[in-house]
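Take a look at the structure below.
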Amino acid sequence: MERHILYRLSILVLFILFITSIPMSCKRKVPCNLETKAGCPAGTVCEKVGPDKGLCLYDCEPDGDEPCMAGEVCLRYADGTHACTPNCSPGSITACSNDWVCAPAAGGEYVCRPECDLDAAFCDEGEVCQPLSDGVAFCRAQCDPLSVSDCGEAWTCELRTDGLYACYEEVFIKGAVFDSASENPIEGAHVIAVDKTGAAATDVAITGSDGVYELQVPVVREPDGSLNEGIYTLRISAPDYLPYPHGIRPALPVDAAQATYQEEGGWLLENAATDIALIALKAEEQGRGSIAGSIVVAGDTSPAGVLVVLEGTPEGSLFSFSDKSGRYTLFNVPEGSWQVQGYKAFLQLDAVPVTLALGEDKTGIDLVSNAKPYGTVTGSINIVNAPGGAATSVVLVPESTFNETFVKGEVPPGLRAPAPPESPSITSGFTIEGVPDGQYVVLAAFENDFLVRDPDPSISGTQILHLQVPDGSSYEIDIASSFKVTESLVVVSPGAAEPELIAGNPVFIWEDDSSEIKYSIVVYNAFGEEMWRDDDLPRVTGSPQVSVPYGAGPLQAGMYYQFRATSWRLDGPISQTEDLLGVFYTAAD
């Protein structure tokens with residue numbers, strides 16, 4: 001009897017071992033009703049894995065260490081769940097059912113999905129018809145742009161022109177950073193791409209010994225995967241160099257939608273606009289230290305694109321912008337005790353004091369958000385002697401970044417009316433909300449809008465406005481004085497639209513102001529140093545343009561310059577050329 005019981009127990013143990021040895025993926029294939037989504041065990045979900053075929057699949061976490069068993073993929077479905085889905089072998093004619101294709105998924109795996117037609121998609125609600133490079137298209141759940149695991153390697157979740165999100169092959173901007181005078185590559189330069197709102201769209205890319213960088217950027221797609229829109233500007237900083245853009249140098253737009261498809265896959269934009277020359281600092285300003293850290297924010301606030309400023313330096317502003325992940329680096333910091341402050345609309349950050357020795361590199365200087373209320377700045381402008389329908393913008397720049405020579409400063413993301421990326425539209429009253437604590441300069445007609453601030457300091461409303469947003473209470477600041485804004489002098493050459501390469505000494509040309517009695521002109525280099533001026537140019541008659549040859553010695557190879565012309569009456573200046581135009585540069589040696 002005992003032997004009989006032991007025999008039965010041994011058979012039971014062997015049966016249990018046999019059952020437990022069956023792969024989990026085999027035990028999970030339990031059919032379910034796709035209409036009711038009912039009848040699945042706990043921890044599983046009913047999902048469609050073939051024509052009218054539903055299986056109970058175990059749910060999974062896509063970012064877990066081992067979300068699924070071998071032979072399965074943690075796939076996102078249209079209802080927002082992730083489930084362990086059997087994979088397939090691409091190229092096999094029996095991999096999937098009729099009218100289904102073996103399509104790429106996360107992790108380099110493939111799964112069977114319904115085939116579709118971009119012109120007549122029949123995908124389920126919450127799905128999109130996803131094209132592949134070979135012309136085949138398949139139904140897949142909309143991806144989550146905040147998830148790094150929905151699309152898999154070398155694919156990214158992109159917004160489409162129809163408002164849906166789908167996975168597409170990545171787009172890269174590639175270029176080189178080099179010395180403007182010697183054209184030697186610059187190693188260790190930090191590069192980020194900034195979108196039309198001023199927000200950082202990428203993490204930082206660091207150039208190698210060849211000066212080359214590469215950035216993956218989001219691009220709005222057509223449903224068929226072709227590129228629709230991706231306008232960016234680049235921001236670059238490096239040890240021993242002026243940052244780009246800075247001072248008189250504007251950042252030129254780069255259109256990632258002009259990228260070309262590569263044979264090995266993916267899209268690439270690489271042209272003259274993605275190669276950036278940096279201007280070396282003066283010898284006595286080289287070999288300095290750096291400060292690095294992160295923007296630490298609460299909730300869903302983005303840490304990207306914060307203007308980080310080193311306050312209190314006697315030589316002018318040192319600044320940087322945080323990348324998509326919130327990381328920043330301030331280069332070329334002199335020895336001494338300073339304060340690091342961050343600026344961005346609707347974000348209050350605690351300033352951090354820092355003491356730096358000569359050449360010291362300090363890390364971990366994090367700027368942490370706080371719950372202080374924001375300010376609101378209101379005011380008005382008065383556009384005079386300008387064409388009908390003229391409109392402009394108003395910006396706030398931190399006092400510590402303001403350059404009196406160039407009459408400009410760095411604009412924190414969002415501190416602009418109208419809010420970016422809207423085109424200039426202010427004709428009278430304006431409001432800028434979400435202003436963090438700080439000391440600011442208010443600038444109007446700062447962009448290329450055919451308008452400038454009236455240059456006559458004797459007229460009320462033409463003076464540069466400075467204000468302090470107070471600390472620690474709710475407030476609204478009203479600027480009582482109106483800005484006087486007038487039509488600008490039109491630049492013809494050089495630098496009518498963007499920085500222009502010249503050979504030899506330039507001839508400065510602008511359109512004549514019919515009511516002037518004389519003109520003045522001044523030329524600055526990228527450091528804000530005055531190179532030449534003439535305050536008594538005679539009026540022009542019988543010609544629509546003013547032409548003035550440069551009247552000083554040879555220009556420095558690889559340097560950037562700007563000319564500014566002003567028209568005068570007896571009682572003072574009338575108008576001047578645009579703040580951001582008239583920029584030119586010379587070829588490297």
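Chain identifiers are assigned as A, B, and so on, following the order in which chains appear in the structure tokens; residues are numbered from 1 within each chain, and ligands are numbered from 1 in order of appearance.
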
What residues in range 525-560 of chain A get the DSSP label strand (DSSP E or B)? Please answer as a PyMOL selection string.
-> chain A and resi 525+530-538+545-549+560

Sorted by chain and rising residue number, list the residues of range 181-207 of chain A at most 12 Å from range 535-557 of chain A (counting only C-alpha atoms), each with its closest atom pair and distance in Å to one decimal, as JSON lines.
```
{"residue": "A:Ala181", "atom": "CA", "partner": "A:Ala557", "partner_atom": "CA", "distance": 5.7}
{"residue": "A:Ser182", "atom": "CA", "partner": "A:Ala557", "partner_atom": "CA", "distance": 8.7}
{"residue": "A:Glu183", "atom": "CA", "partner": "A:Ala557", "partner_atom": "CA", "distance": 10.6}
```

Take the residues from that selection and put them in a file with C-alpha atoms, as a short mmCIF file (atom, residue, chain, number, x, y, z; two decimals), in the first residue's frame.
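Output below, filename again-v3.cif:
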```cif
data_model
loop_
_atom_site.label_atom_id
_atom_site.label_comp_id
_atom_site.auth_asym_id
_atom_site.auth_seq_id
_atom_site.Cartn_x
_atom_site.Cartn_y
_atom_site.Cartn_z
CA ALA A 181 40.34 82.67 -37.64
CA SER A 182 42.29 79.43 -38.18
CA GLU A 183 39.43 77.13 -39.22
#
```

For range 489-501 of chain A: contacts at 6 Å, only C-alpha atoms, fewer than 3 positions along chain excluded, given as a PyMOL selection string | chain A and resi 508-511+576-577+581-586

Would you save the residues of that selection, restricted to C-alpha atoms, as a PDB file, in the first residue's frame?
```pdb
ATOM      1  CA  PHE A 508      28.278 100.329 -46.361  1.00  0.00           C
ATOM      2  CA  ILE A 509      25.003 100.954 -48.204  1.00  0.00           C
ATOM      3  CA  TRP A 510      21.555 101.780 -46.832  1.00  0.00           C
ATOM      4  CA  GLU A 511      18.417 103.433 -48.172  1.00  0.00           C
ATOM      5  CA  GLN A 576      18.765 103.965 -37.426  1.00  0.00           C
ATOM      6  CA  THR A 577      19.429 100.571 -38.979  1.00  0.00           C
ATOM      7  CA  LEU A 581      21.247  93.505 -39.335  1.00  0.00           C
ATOM      8  CA  GLY A 582      24.369  94.971 -40.937  1.00  0.00           C
ATOM      9  CA  VAL A 583      26.497  92.062 -39.669  1.00  0.00           C
ATOM     10  CA  PHE A 584      29.454  90.928 -41.795  1.00  0.00           C
ATOM     11  CA  TYR A 585      32.576  88.836 -41.387  1.00  0.00           C
ATOM     12  CA  THR A 586      35.893  88.219 -43.080  1.00  0.00           C
TER      13      THR A 586
END
```

Counting only C-alpha atoms, what is within 8 Å of Val306 in chain A, bar same-chain residues fewer than 2 positions away, as a PyMOL selection string?
-> chain A and resi 199+295+303-304+308+321-322+326+342-344+412-413

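For the residues A:Pro314, A:Gly126, A:Tyr110, A:Cys139, ranking by smallest atom-to-atom distance to Ser92 in chain A using only C-alpha atoms places A:Tyr110 first.
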
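Summary of the local environment: counting only C-alpha atoms, residues at most 10 Å from Thr427 in chain A, other than itself and those fewer than 2 positions away along its chain, are Ser380, Ile381, Asn382, Ile383, Gly389, Ala390, Ala391, Thr392, Ser393, Pro424, Ser425, Gly429, Phe430 and Val485 of chain A.
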
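For the residues A:Ile248, A:Leu396, A:Val128, A:Cys123, ranking by smallest atom-to-atom distance to Asp224 in chain A using only C-alpha atoms places A:Val128 first.
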
Quick one: of A:Val148, A:Ala273, A:Ile236, A:Leu443, who's nearest to Lys174 in chain A, counting only C-alpha atoms?
-> A:Ala273

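For the pair CA of Asp366 in chain A and CA of Phe319 in chain A, the separation is 14.9 Å.
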
DSSP helix (DSSP H, G or I) selection over range 251-349 of chain A, as an mmCIF file with C-alpha atoms, in the first residue's frame:
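Writing the result to out_27.cif gives the following:
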```cif
data_model
loop_
_atom_site.group_PDB
_atom_site.id
_atom_site.type_symbol
_atom_site.label_atom_id
_atom_site.label_comp_id
_atom_site.auth_asym_id
_atom_site.auth_seq_id
_atom_site.Cartn_x
_atom_site.Cartn_y
_atom_site.Cartn_z
ATOM 1 C CA ALA A 256 15.702 69.931 -40.548
ATOM 2 C CA ALA A 257 12.841 69.216 -42.971
ATOM 3 C CA GLN A 258 15.458 69.604 -45.733
ATOM 4 C CA ALA A 272 26.988 75.082 -44.655
ATOM 5 C CA ALA A 273 24.368 76.272 -42.151
ATOM 6 C CA THR A 274 25.205 73.432 -39.736
ATOM 7 C CA ALA A 283 44.344 85.630 -24.626
ATOM 8 C CA GLU A 284 43.921 87.078 -21.125
ATOM 9 C CA GLU A 285 40.387 85.623 -20.906
#
```

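Going from CA of Glu153 in chain A to CA of Gly299 in chain A covers 28.2 Å.
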
Asp454 in chain A proximity check over A:Val397, A:Leu146, A:Asn385, A:Glu404, using only C-alpha atoms: winner is A:Asn385

8 Å contact set for Gly409 in chain A, only C-alpha atoms, chain neighbours under 4 positions out, as a count of residues only = 7

10 Å contact set for Pro243 in chain A, only C-alpha atoms, chain neighbours under 6 positions out, as a PyMOL selection string | chain A and resi 189-190+235-237+249+278-281+318-320+331

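Note that CA of Gly225 in chain A and CA of Lys48 in chain A are 25.3 Å apart.
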
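Using only C-alpha atoms, the smallest distance between any of A:Ala106, A:Tyr168, A:Leu269, A:Pro145 and Ser133 in chain A comes from A:Tyr168.
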
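Nearest residue to Asp323 in chain A, choosing from A:Cys143, A:Val469, A:Val204, A:Ala565 and counting only C-alpha atoms: A:Val204.
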